[in-house]
$ cat upload_8.cif   # mmCIF, C-alpha atoms
data_target
#
loop_
_atom_site.label_atom_id
_atom_site.label_comp_id
_atom_site.auth_asym_id
_atom_site.auth_seq_id
_atom_site.Cartn_x
_atom_site.Cartn_y
_atom_site.Cartn_z
CA MET A 1 -0.76 -20.28 19.55
CA THR A 2 0.91 -16.90 19.94
CA ILE A 3 -0.34 -13.69 18.30
CA ILE A 4 2.16 -10.86 17.86
CA THR A 5 1.02 -7.38 16.84
CA ILE A 6 3.38 -5.24 14.79
CA SER A 7 2.01 -1.72 14.95
CA PRO A 8 2.51 0.59 11.96
CA ARG A 9 4.85 3.53 11.86
CA GLY A 10 3.10 6.48 10.31
CA PHE A 11 0.19 5.57 8.07
CA GLY A 12 -0.46 1.86 7.86
CA ALA A 13 -2.43 -1.05 9.24
CA ASN A 14 -1.83 -3.41 12.11
CA THR A 15 0.19 -6.45 11.12
CA TYR A 16 -0.30 -9.72 12.97
CA ALA A 17 2.08 -12.67 13.13
CA VAL A 18 0.57 -15.94 14.35
CA THR A 19 2.85 -18.80 15.34
CA LYS A 20 2.39 -22.17 16.96
CA ASP A 21 5.98 -23.37 17.16
CA GLY A 22 7.62 -20.01 17.86
CA VAL A 23 9.59 -20.18 14.60
CA HIS A 24 7.27 -20.31 11.59
CA ALA A 25 4.57 -17.69 11.22
CA ILE A 26 1.41 -16.80 9.35
CA VAL A 27 1.48 -13.05 8.76
CA ILE A 28 -1.78 -11.17 8.33
CA ASP A 29 -1.66 -7.89 6.36
CA PRO A 30 2.08 -7.06 6.34
CA ALA A 31 1.57 -3.34 6.04
CA GLN A 32 5.12 -2.09 5.60
CA PRO A 33 8.48 -3.40 4.32
CA ARG A 34 9.94 -3.15 7.82
CA VAL A 35 7.70 -6.08 8.89
CA ALA A 36 10.37 -8.44 7.49
CA ALA A 37 12.99 -7.01 9.86
CA GLU A 38 10.55 -7.09 12.77
CA LEU A 39 9.93 -10.78 12.19
CA GLU A 40 13.66 -11.51 11.97
CA LYS A 41 14.18 -9.62 15.22
CA ARG A 42 11.72 -12.00 16.87
CA GLY A 43 13.27 -15.09 15.28
CA LEU A 44 10.21 -15.73 13.10
CA VAL A 45 10.18 -17.08 9.55
CA PRO A 46 7.16 -16.03 7.42
CA SER A 47 5.61 -19.11 5.81
CA TYR A 48 2.26 -17.64 4.75
CA VAL A 49 0.79 -14.18 4.19
CA LEU A 50 -2.98 -13.76 4.52
CA LEU A 51 -4.49 -10.60 3.04
CA THR A 52 -7.78 -9.27 4.35
CA HIS A 53 -7.82 -6.97 1.29
CA CYS A 54 -5.32 -5.37 -1.09
CA HIS A 55 -5.37 -1.69 -0.08
CA PHE A 56 -1.90 -0.18 -0.07
CA ASP A 57 -1.78 0.40 3.69
CA HIS A 58 -2.19 -3.35 4.30
CA VAL A 59 0.16 -4.82 1.69
CA GLY A 60 3.29 -2.67 1.62
CA GLY A 61 5.39 -5.47 3.11
CA VAL A 62 4.01 -8.39 1.09
CA ALA A 63 6.72 -8.41 -1.58
CA ALA A 64 9.49 -8.54 1.03
CA LEU A 65 7.92 -11.56 2.74
CA GLN A 66 7.23 -13.26 -0.57
CA GLY A 67 10.91 -12.79 -1.34
CA MET A 68 11.65 -14.69 1.87
CA GLY A 69 9.60 -17.64 0.62
CA ALA A 70 6.17 -16.90 2.08
CA LYS A 71 3.09 -17.94 0.11
CA VAL A 72 0.50 -15.20 -0.36
CA LEU A 73 -3.22 -15.98 0.02
CA CYS A 74 -6.42 -13.95 -0.24
CA SER A 75 -10.05 -14.43 -1.24
CA VAL A 76 -10.88 -15.42 -4.81
CA GLU A 77 -12.78 -12.15 -5.21
CA GLU A 78 -9.96 -9.93 -3.96
CA LYS A 79 -7.31 -11.50 -6.19
CA THR A 80 -8.80 -9.70 -9.20
CA LEU A 81 -8.09 -6.33 -7.56
CA VAL A 82 -4.42 -6.93 -6.78
CA GLY A 83 -2.22 -4.66 -8.88
CA THR A 84 -5.15 -2.56 -10.13
CA GLU A 85 -6.14 1.01 -9.29
CA ALA A 86 -8.47 -0.44 -6.66
CA ASP A 87 -5.46 -1.07 -4.42
CA LEU A 88 -5.22 2.73 -3.87
CA PHE A 89 -1.45 2.97 -4.34
CA SER A 90 -1.88 5.57 -7.07
CA ALA A 91 -4.71 7.38 -5.31
CA PHE A 92 -2.52 7.99 -2.25
CA GLY A 93 0.72 8.52 -4.15
CA ALA A 94 2.40 5.45 -2.68
CA PRO A 95 4.96 3.46 -4.68
CA ARG A 96 3.54 0.07 -5.68
CA ILE A 97 5.82 -2.89 -4.88
CA PRO A 98 4.48 -5.78 -7.00
CA TYR A 99 3.64 -9.15 -5.53
CA THR A 100 1.62 -12.13 -6.69
CA VAL A 101 -1.12 -14.20 -5.08
CA ASP A 102 -0.10 -17.85 -4.80
CA GLU A 103 -3.37 -19.34 -3.58
CA THR A 104 -6.95 -18.29 -2.85
CA PHE A 105 -9.73 -19.06 -0.40
CA SER A 106 -13.38 -19.43 -1.29
CA ASP A 107 -15.98 -18.22 1.20
CA GLY A 108 -16.09 -20.47 4.25
CA GLU A 109 -13.10 -22.54 3.12
CA GLU A 110 -10.86 -23.90 5.83
CA LYS A 111 -7.17 -24.61 5.36
CA LYS A 112 -4.62 -26.20 7.65
CA LEU A 113 -1.60 -23.88 7.71
CA LEU A 114 1.40 -24.62 9.97
CA ASP A 115 -0.81 -27.05 11.89
CA MET A 116 -3.33 -24.25 12.53
CA SER A 117 -6.93 -24.25 11.34
CA VAL A 118 -7.76 -21.10 9.34
CA ARG A 119 -11.22 -20.39 7.90
CA MET A 120 -11.83 -17.50 5.52
CA LEU A 121 -15.10 -15.59 5.77
CA LEU A 122 -15.88 -13.42 2.77
CA THR A 123 -16.92 -10.05 4.19
CA ALA A 124 -17.42 -7.79 1.20
CA GLY A 125 -18.20 -4.12 1.67
CA HIS A 126 -14.92 -2.31 2.28
CA THR A 127 -13.77 -4.03 -0.91
CA GLN A 128 -15.53 -6.63 -3.04
CA GLY A 129 -13.28 -9.41 -1.78
CA GLY A 130 -12.65 -8.28 1.78
CA ALA A 131 -12.03 -11.21 4.09
CA CYS A 132 -11.89 -12.07 7.77
CA TYR A 133 -9.83 -15.00 9.04
CA LEU A 134 -11.03 -17.23 11.86
CA PHE A 135 -8.28 -19.20 13.61
CA GLN A 136 -9.33 -22.12 15.76
CA GLU A 137 -7.10 -24.01 18.17
CA ASN A 138 -7.53 -27.70 18.89
CA GLU A 139 -8.16 -26.72 22.50
CA GLY A 140 -11.12 -24.60 21.41
CA GLY A 141 -9.73 -21.07 21.38
CA ARG A 142 -10.92 -18.91 18.46
CA TYR A 143 -9.46 -15.65 17.15
CA LEU A 144 -10.93 -13.39 14.46
CA PHE A 145 -8.86 -11.08 12.24
CA THR A 146 -11.19 -8.58 10.62
CA GLY A 147 -9.05 -6.23 8.51
CA ASP A 148 -11.13 -3.16 7.67
CA THR A 149 -14.49 -4.89 7.94
CA LEU A 150 -14.92 -4.38 11.69
CA PHE A 151 -13.12 -2.09 14.14
CA ALA A 152 -13.66 -1.45 17.83
CA GLY A 153 -16.79 0.67 17.74
CA SER A 154 -16.65 1.32 14.01
CA ILE A 155 -16.31 -0.15 10.50
CA GLY A 156 -14.25 0.42 7.37
CA ARG A 157 -15.08 2.99 4.72
CA THR A 158 -17.22 2.06 1.74
CA ASP A 159 -16.45 5.02 -0.56
CA PHE A 160 -13.37 3.46 -2.18
CA PRO A 161 -13.53 1.46 -5.45
CA THR A 162 -15.70 -1.70 -5.07
CA GLY A 163 -16.95 -0.54 -1.65
CA ASP A 164 -20.62 -1.18 -0.89
CA ILE A 165 -22.42 -0.26 2.33
CA SER A 166 -25.21 -2.79 1.75
CA ALA A 167 -22.65 -5.55 1.29
CA LEU A 168 -20.82 -4.43 4.43
CA ARG A 169 -24.00 -4.54 6.48
CA ALA A 170 -24.58 -8.10 5.28
CA SER A 171 -20.99 -8.94 6.26
CA LEU A 172 -21.52 -7.49 9.74
CA ARG A 173 -24.60 -9.70 10.12
CA LYS A 174 -22.47 -12.68 9.10
CA LEU A 175 -19.90 -11.87 11.79
CA SER A 176 -22.58 -11.21 14.39
CA SER A 177 -24.07 -14.65 13.72
CA LEU A 178 -20.84 -16.45 14.61
CA GLU A 179 -21.33 -18.59 17.68
CA GLY A 180 -20.03 -17.37 21.02
CA ASP A 181 -17.43 -14.77 21.83
CA MET A 182 -13.83 -14.41 20.70
CA PRO A 183 -11.05 -11.82 20.49
CA VAL A 184 -11.19 -9.57 17.43
CA TYR A 185 -7.98 -8.22 15.87
CA PRO A 186 -8.83 -5.36 13.48
CA GLY A 187 -6.80 -3.73 10.76
CA HIS A 188 -6.58 -0.45 12.66
CA GLU A 189 -6.65 0.69 16.28
CA GLU A 190 -7.02 -1.62 19.27
CA PRO A 191 -8.30 -5.20 19.59
CA THR A 192 -11.80 -5.87 20.87
CA THR A 193 -14.14 -8.82 21.27
CA LEU A 194 -17.01 -9.99 19.13
CA GLU A 195 -19.50 -9.84 21.98
CA ARG A 196 -18.50 -6.28 22.83
CA GLU A 197 -19.07 -5.24 19.22
CA ARG A 198 -22.43 -7.04 19.08
CA LYS A 199 -23.56 -5.05 22.11
CA THR A 200 -21.95 -1.64 21.56
CA ASN A 201 -20.93 -1.11 17.93
CA PRO A 202 -23.71 1.01 16.39
CA PHE A 203 -23.00 -0.31 12.91
CA MET A 204 -23.28 -3.91 14.01
CA ILE A 205 -26.41 -3.23 16.07
CA ASP A 206 -28.09 -1.55 13.09
CA ALA A 207 -26.88 -4.06 10.48
#
$ encode --input "upload_8.cif" --output "structure tokens"
Amino acid sequence: MTIITISPRGFGANTYAVTKDGVHAIVIDPAQPRVAAELEKRGLVPSYVLLTHCHFDHVGGVAALQGMGAKVLCSVEEKTLVGTEADLFSAFGAPRIPYTVDETFSDGEEKKLLDMSVRMLLTAGHTQGGACYLFQENEGGRYLFTGDTLFAGSIGRTDFPTGDISALRASLRKLSSLEGDMPVYPGHEEPTTLERERKTNPFMIDA
């Protein structure tokens, strides 16, 4: 399994493309329309888009990938926010490019996508339907994509619509209780590890 990071230009979130065969990819939080061109440059075809949440800085490239045939998935709870003021397009003066959600995950549900095991963990707090995605390889490797729930040394804001600090603390406890260590790929800034955050992130320690 290969994980490719597409860093944002200007204001936006990290985009991650995960591929097993080097051709077809699961794309997590396509932040900007240029993600489509970046995938093409790497010879990757987007088959699925996974949204950690629907804030504008994470979904700006969704419509372009959906137009290329990718299926869009998010949590059941977050689907109700897509296309509403809670996505923050209007609040930040960004043009909304409509897209639709093709399929949803329930909390803890595992799906087999492109021969990869993907489990969605509902981690409300930044938004009511915020999600983390846990990828597990047959060989045992695990990789956690946390969106704006957990950053290296920090957490996402809770002062946007549907944000809730109590819910976020509960979500941090859920992540902390995951067995063992694994790489963590957040929505912003640099990757980290779950064990490092357990030991050093003040928000996770105090959760």
$ closest_residue --input "upload_8.cif" --among "A:Lys174, A:Lys79, A:Arg169, A:His126" --to "Gly108 (chain A)" --atoms "all atoms listed in the file"
A:Lys174
$ closest_residue --input "upload_8.cif" --among "A:Gly129, A:Gly83, A:Pro186, A:Gly163" --to "Leu150 (chain A)" --atoms "only C-alpha atoms"
A:Pro186
$ residues_around --input "upload_8.cif" --residues "Asn14 (chain A)" --least-positions-apart "3" --cutoff "6 Å" --atoms "all atoms listed in the file" --output "ChimeraX atom specification"
/A:7-8,187-188
$ write_last_selection --input "upload_8.cif" --atoms "C-alpha atoms" --output "PDB file, keeping the file's coordinate frame"
ATOM      1  CA  SER A   7       2.010  -1.720  14.950  1.00  0.00           C
ATOM      2  CA  PRO A   8       2.510   0.590  11.960  1.00  0.00           C
ATOM      3  CA  GLY A 187      -6.800  -3.730  10.760  1.00  0.00           C
ATOM      4  CA  HIS A 188      -6.580  -0.450  12.660  1.00  0.00           C
TER       5      HIS A 188
END
$ residues_near_point --input "upload_8.cif" --point "(-4.4, -13.1, 3.4)" --cutoff "8 Å" --atoms "only C-alpha atoms" --output "PDB file with C-alpha atoms, keeping the file's coordinate frame"
ATOM      1  CA  VAL A  27       1.480 -13.050   8.760  1.00  0.00           C
ATOM      2  CA  ILE A  28      -1.780 -11.170   8.330  1.00  0.00           C
ATOM      3  CA  ASP A  29      -1.660  -7.890   6.360  1.00  0.00           C
ATOM      4  CA  VAL A  49       0.790 -14.180   4.190  1.00  0.00           C
ATOM      5  CA  LEU A  50      -2.980 -13.760   4.520  1.00  0.00           C
ATOM      6  CA  LEU A  51      -4.490 -10.600   3.040  1.00  0.00           C
ATOM      7  CA  THR A  52      -7.780  -9.270   4.350  1.00  0.00           C
ATOM      8  CA  HIS A  53      -7.820  -6.970   1.290  1.00  0.00           C
ATOM      9  CA  VAL A  72       0.500 -15.200  -0.360  1.00  0.00           C
ATOM     10  CA  LEU A  73      -3.220 -15.980   0.020  1.00  0.00           C
ATOM     11  CA  CYS A  74      -6.420 -13.950  -0.240  1.00  0.00           C
ATOM     12  CA  SER A  75     -10.050 -14.430  -1.240  1.00  0.00           C
ATOM     13  CA  ALA A 131     -12.030 -11.210   4.090  1.00  0.00           C
TER      14      ALA A 131
END
$ closest_residue --input "upload_8.cif" --among "A:Glu189, A:Leu144, A:Thr123, A:Tyr133" --to "Gly12 (chain A)" --atoms "only C-alpha atoms"
A:Glu189
$ residues_around --input "upload_8.cif" --residues "Thr193 (chain A)" --least-positions-apart "2" --cutoff "9 Å" --atoms "all atoms listed in the file" --output "list in words"
Leu144, Ala152, Asp181, Met182, Pro183, Val184, Tyr185, Pro191, Glu195, Arg196, Glu197 and Arg198 of chain A
$ write_last_selection --input "upload_8.cif" --atoms "C-alpha atoms" --output "PDB file, keeping the file's coordinate frame"
ATOM      1  CA  LEU A 144     -10.930 -13.390  14.460  1.00  0.00           C
ATOM      2  CA  ALA A 152     -13.660  -1.450  17.830  1.00  0.00           C
ATOM      3  CA  ASP A 181     -17.430 -14.770  21.830  1.00  0.00           C
ATOM      4  CA  MET A 182     -13.830 -14.410  20.700  1.00  0.00           C
ATOM      5  CA  PRO A 183     -11.050 -11.820  20.490  1.00  0.00           C
ATOM      6  CA  VAL A 184     -11.190  -9.570  17.430  1.00  0.00           C
ATOM      7  CA  TYR A 185      -7.980  -8.220  15.870  1.00  0.00           C
ATOM      8  CA  PRO A 191      -8.300  -5.200  19.590  1.00  0.00           C
ATOM      9  CA  GLU A 195     -19.500  -9.840  21.980  1.00  0.00           C
ATOM     10  CA  ARG A 196     -18.500  -6.280  22.830  1.00  0.00           C
ATOM     11  CA  GLU A 197     -19.070  -5.240  19.220  1.00  0.00           C
ATOM     12  CA  ARG A 198     -22.430  -7.040  19.080  1.00  0.00           C
TER      13      ARG A 198
END
$ residues_near_point --input "upload_8.cif" --point "(2.5, -16.0, 2.9)" --cutoff "12 Å" --atoms "all atoms listed in the file" --output "PyMOL selection string"
chain A and resi 17-18+24-30+36+45-51+59+61-74+99-104+113-114
$ write_last_selection --input "upload_8.cif" --atoms "C-alpha atoms" --output "PDB file, in the coordinates of the input"
ATOM      1  CA  ALA A  17       2.080 -12.670  13.130  1.00  0.00           C
ATOM      2  CA  VAL A  18       0.570 -15.940  14.350  1.00  0.00           C
ATOM      3  CA  HIS A  24       7.270 -20.310  11.590  1.00  0.00           C
ATOM      4  CA  ALA A  25       4.570 -17.690  11.220  1.00  0.00           C
ATOM      5  CA  ILE A  26       1.410 -16.800   9.350  1.00  0.00           C
ATOM      6  CA  VAL A  27       1.480 -13.050   8.760  1.00  0.00           C
ATOM      7  CA  ILE A  28      -1.780 -11.170   8.330  1.00  0.00           C
ATOM      8  CA  ASP A  29      -1.660  -7.890   6.360  1.00  0.00           C
ATOM      9  CA  PRO A  30       2.080  -7.060   6.340  1.00  0.00           C
ATOM     10  CA  ALA A  36      10.370  -8.440   7.490  1.00  0.00           C
ATOM     11  CA  VAL A  45      10.180 -17.080   9.550  1.00  0.00           C
ATOM     12  CA  PRO A  46       7.160 -16.030   7.420  1.00  0.00           C
ATOM     13  CA  SER A  47       5.610 -19.110   5.810  1.00  0.00           C
ATOM     14  CA  TYR A  48       2.260 -17.640   4.750  1.00  0.00           C
ATOM     15  CA  VAL A  49       0.790 -14.180   4.190  1.00  0.00           C
ATOM     16  CA  LEU A  50      -2.980 -13.760   4.520  1.00  0.00           C
ATOM     17  CA  LEU A  51      -4.490 -10.600   3.040  1.00  0.00           C
ATOM     18  CA  VAL A  59       0.160  -4.820   1.690  1.00  0.00           C
ATOM     19  CA  GLY A  61       5.390  -5.470   3.110  1.00  0.00           C
ATOM     20  CA  VAL A  62       4.010  -8.390   1.090  1.00  0.00           C
ATOM     21  CA  ALA A  63       6.720  -8.410  -1.580  1.00  0.00           C
ATOM     22  CA  ALA A  64       9.490  -8.540   1.030  1.00  0.00           C
ATOM     23  CA  LEU A  65       7.920 -11.560   2.740  1.00  0.00           C
ATOM     24  CA  GLN A  66       7.230 -13.260  -0.570  1.00  0.00           C
ATOM     25  CA  GLY A  67      10.910 -12.790  -1.340  1.00  0.00           C
ATOM     26  CA  MET A  68      11.650 -14.690   1.870  1.00  0.00           C
ATOM     27  CA  GLY A  69       9.600 -17.640   0.620  1.00  0.00           C
ATOM     28  CA  ALA A  70       6.170 -16.900   2.080  1.00  0.00           C
ATOM     29  CA  LYS A  71       3.090 -17.940   0.110  1.00  0.00           C
ATOM     30  CA  VAL A  72       0.500 -15.200  -0.360  1.00  0.00           C
ATOM     31  CA  LEU A  73      -3.220 -15.980   0.020  1.00  0.00           C
ATOM     32  CA  CYS A  74      -6.420 -13.950  -0.240  1.00  0.00           C
ATOM     33  CA  TYR A  99       3.640  -9.150  -5.530  1.00  0.00           C
ATOM     34  CA  THR A 100       1.620 -12.130  -6.690  1.00  0.00           C
ATOM     35  CA  VAL A 101      -1.120 -14.200  -5.080  1.00  0.00           C
ATOM     36  CA  ASP A 102      -0.100 -17.850  -4.800  1.00  0.00           C
ATOM     37  CA  GLU A 103      -3.370 -19.340  -3.580  1.00  0.00           C
ATOM     38  CA  THR A 104      -6.950 -18.290  -2.850  1.00  0.00           C
ATOM     39  CA  LEU A 113      -1.600 -23.880   7.710  1.00  0.00           C
ATOM     40  CA  LEU A 114       1.400 -24.620   9.970  1.00  0.00           C
TER      41      LEU A 114
END
$ residues_around --input "upload_8.cif" --residues "Glu38 (chain A)" --least-positions-apart "4" --cutoff "8 Å" --atoms "all atoms listed in the file" --output "PyMOL selection string"
chain A and resi 6+34+42
$ atom_distance --input "upload_8.cif" --atom1 "CA of Leu122 (chain A)" --atom2 "CA of Asn138 (chain A)"
23.1 Å
$ resolve_selection --input "upload_8.cif" --expression "the PyMOL selection byres ((chain A and resi 81) around 10)" --output "VMD selection string"
chain A and resid 53 to 55 76 to 80 82 to 87 127 to 129 161 to 162
$ write_last_selection --input "upload_8.cif" --atoms "C-alpha atoms" --output "mmCIF file, in the coordinates of the input"
data_model
loop_
_atom_site.group_PDB
_atom_site.id
_atom_site.type_symbol
_atom_site.label_atom_id
_atom_site.label_comp_id
_atom_site.auth_asym_id
_atom_site.auth_seq_id
_atom_site.Cartn_x
_atom_site.Cartn_y
_atom_site.Cartn_z
ATOM 1 C CA HIS A 53 -7.820 -6.970 1.290
ATOM 2 C CA CYS A 54 -5.320 -5.370 -1.090
ATOM 3 C CA HIS A 55 -5.370 -1.690 -0.080
ATOM 4 C CA VAL A 76 -10.880 -15.420 -4.810
ATOM 5 C CA GLU A 77 -12.780 -12.150 -5.210
ATOM 6 C CA GLU A 78 -9.960 -9.930 -3.960
ATOM 7 C CA LYS A 79 -7.310 -11.500 -6.190
ATOM 8 C CA THR A 80 -8.800 -9.700 -9.200
ATOM 9 C CA VAL A 82 -4.420 -6.930 -6.780
ATOM 10 C CA GLY A 83 -2.220 -4.660 -8.880
ATOM 11 C CA THR A 84 -5.150 -2.560 -10.130
ATOM 12 C CA GLU A 85 -6.140 1.010 -9.290
ATOM 13 C CA ALA A 86 -8.470 -0.440 -6.660
ATOM 14 C CA ASP A 87 -5.460 -1.070 -4.420
ATOM 15 C CA THR A 127 -13.770 -4.030 -0.910
ATOM 16 C CA GLN A 128 -15.530 -6.630 -3.040
ATOM 17 C CA GLY A 129 -13.280 -9.410 -1.780
ATOM 18 C CA PRO A 161 -13.530 1.460 -5.450
ATOM 19 C CA THR A 162 -15.700 -1.700 -5.070
#
$ atom_distance --input "upload_8.cif" --atom1 "CA of Phe135 (chain A)" --atom2 "CA of Val35 (chain A)"
21.2 Å
$ build_atoms --input "upload_8.cif" --residues "region 111-125 of chain A" --atoms "N, CA, C and O atoms" --output "short mmCIF file (atom, residue, chain, number, x, y, z; two decimals), in the coordinates of the input"
data_model
loop_
_atom_site.label_atom_id
_atom_site.label_comp_id
_atom_site.auth_asym_id
_atom_site.auth_seq_id
_atom_site.Cartn_x
_atom_site.Cartn_y
_atom_site.Cartn_z
N LYS A 111 -8.46 -24.02 5.72
CA LYS A 111 -7.17 -24.61 5.36
C LYS A 111 -6.37 -24.88 6.62
O LYS A 111 -6.51 -24.17 7.62
N LYS A 112 -5.54 -25.90 6.56
CA LYS A 112 -4.62 -26.20 7.65
C LYS A 112 -3.26 -25.61 7.28
O LYS A 112 -2.62 -26.05 6.32
N LEU A 113 -2.85 -24.57 7.98
CA LEU A 113 -1.60 -23.88 7.71
C LEU A 113 -0.72 -23.93 8.95
O LEU A 113 -1.14 -23.47 10.03
N LEU A 114 0.47 -24.49 8.84
CA LEU A 114 1.40 -24.62 9.97
C LEU A 114 0.70 -25.28 11.17
O LEU A 114 0.86 -24.87 12.32
N ASP A 115 -0.09 -26.30 10.87
CA ASP A 115 -0.81 -27.05 11.89
C ASP A 115 -1.82 -26.18 12.63
O ASP A 115 -2.17 -26.45 13.78
N MET A 116 -2.28 -25.11 11.97
CA MET A 116 -3.33 -24.25 12.53
C MET A 116 -4.52 -24.25 11.57
O MET A 116 -4.34 -24.22 10.36
N SER A 117 -5.72 -24.27 12.14
CA SER A 117 -6.93 -24.25 11.34
C SER A 117 -7.33 -22.80 11.05
O SER A 117 -7.55 -22.02 11.97
N VAL A 118 -7.44 -22.46 9.75
CA VAL A 118 -7.76 -21.10 9.34
C VAL A 118 -8.96 -21.15 8.38
O VAL A 118 -8.90 -21.80 7.34
N ARG A 119 -10.03 -20.46 8.76
CA ARG A 119 -11.22 -20.39 7.90
C ARG A 119 -11.40 -18.97 7.40
O ARG A 119 -11.32 -18.02 8.18
N MET A 120 -11.61 -18.82 6.10
CA MET A 120 -11.83 -17.50 5.52
C MET A 120 -13.32 -17.22 5.41
O MET A 120 -14.08 -18.04 4.91
N LEU A 121 -13.72 -16.06 5.90
CA LEU A 121 -15.10 -15.59 5.77
C LEU A 121 -15.09 -14.41 4.81
O LEU A 121 -14.43 -13.40 5.08
N LEU A 122 -15.78 -14.54 3.70
CA LEU A 122 -15.88 -13.42 2.77
C LEU A 122 -16.75 -12.34 3.40
O LEU A 122 -17.91 -12.59 3.75
N THR A 123 -16.19 -11.15 3.57
CA THR A 123 -16.92 -10.05 4.19
C THR A 123 -16.80 -8.82 3.30
O THR A 123 -16.11 -7.86 3.62
N ALA A 124 -17.45 -8.89 2.16
CA ALA A 124 -17.42 -7.79 1.20
C ALA A 124 -18.02 -6.53 1.81
O ALA A 124 -18.80 -6.58 2.75
N GLY A 125 -17.65 -5.40 1.23
CA GLY A 125 -18.20 -4.12 1.67
C GLY A 125 -17.16 -3.03 1.67
O GLY A 125 -17.32 -1.99 1.03
#
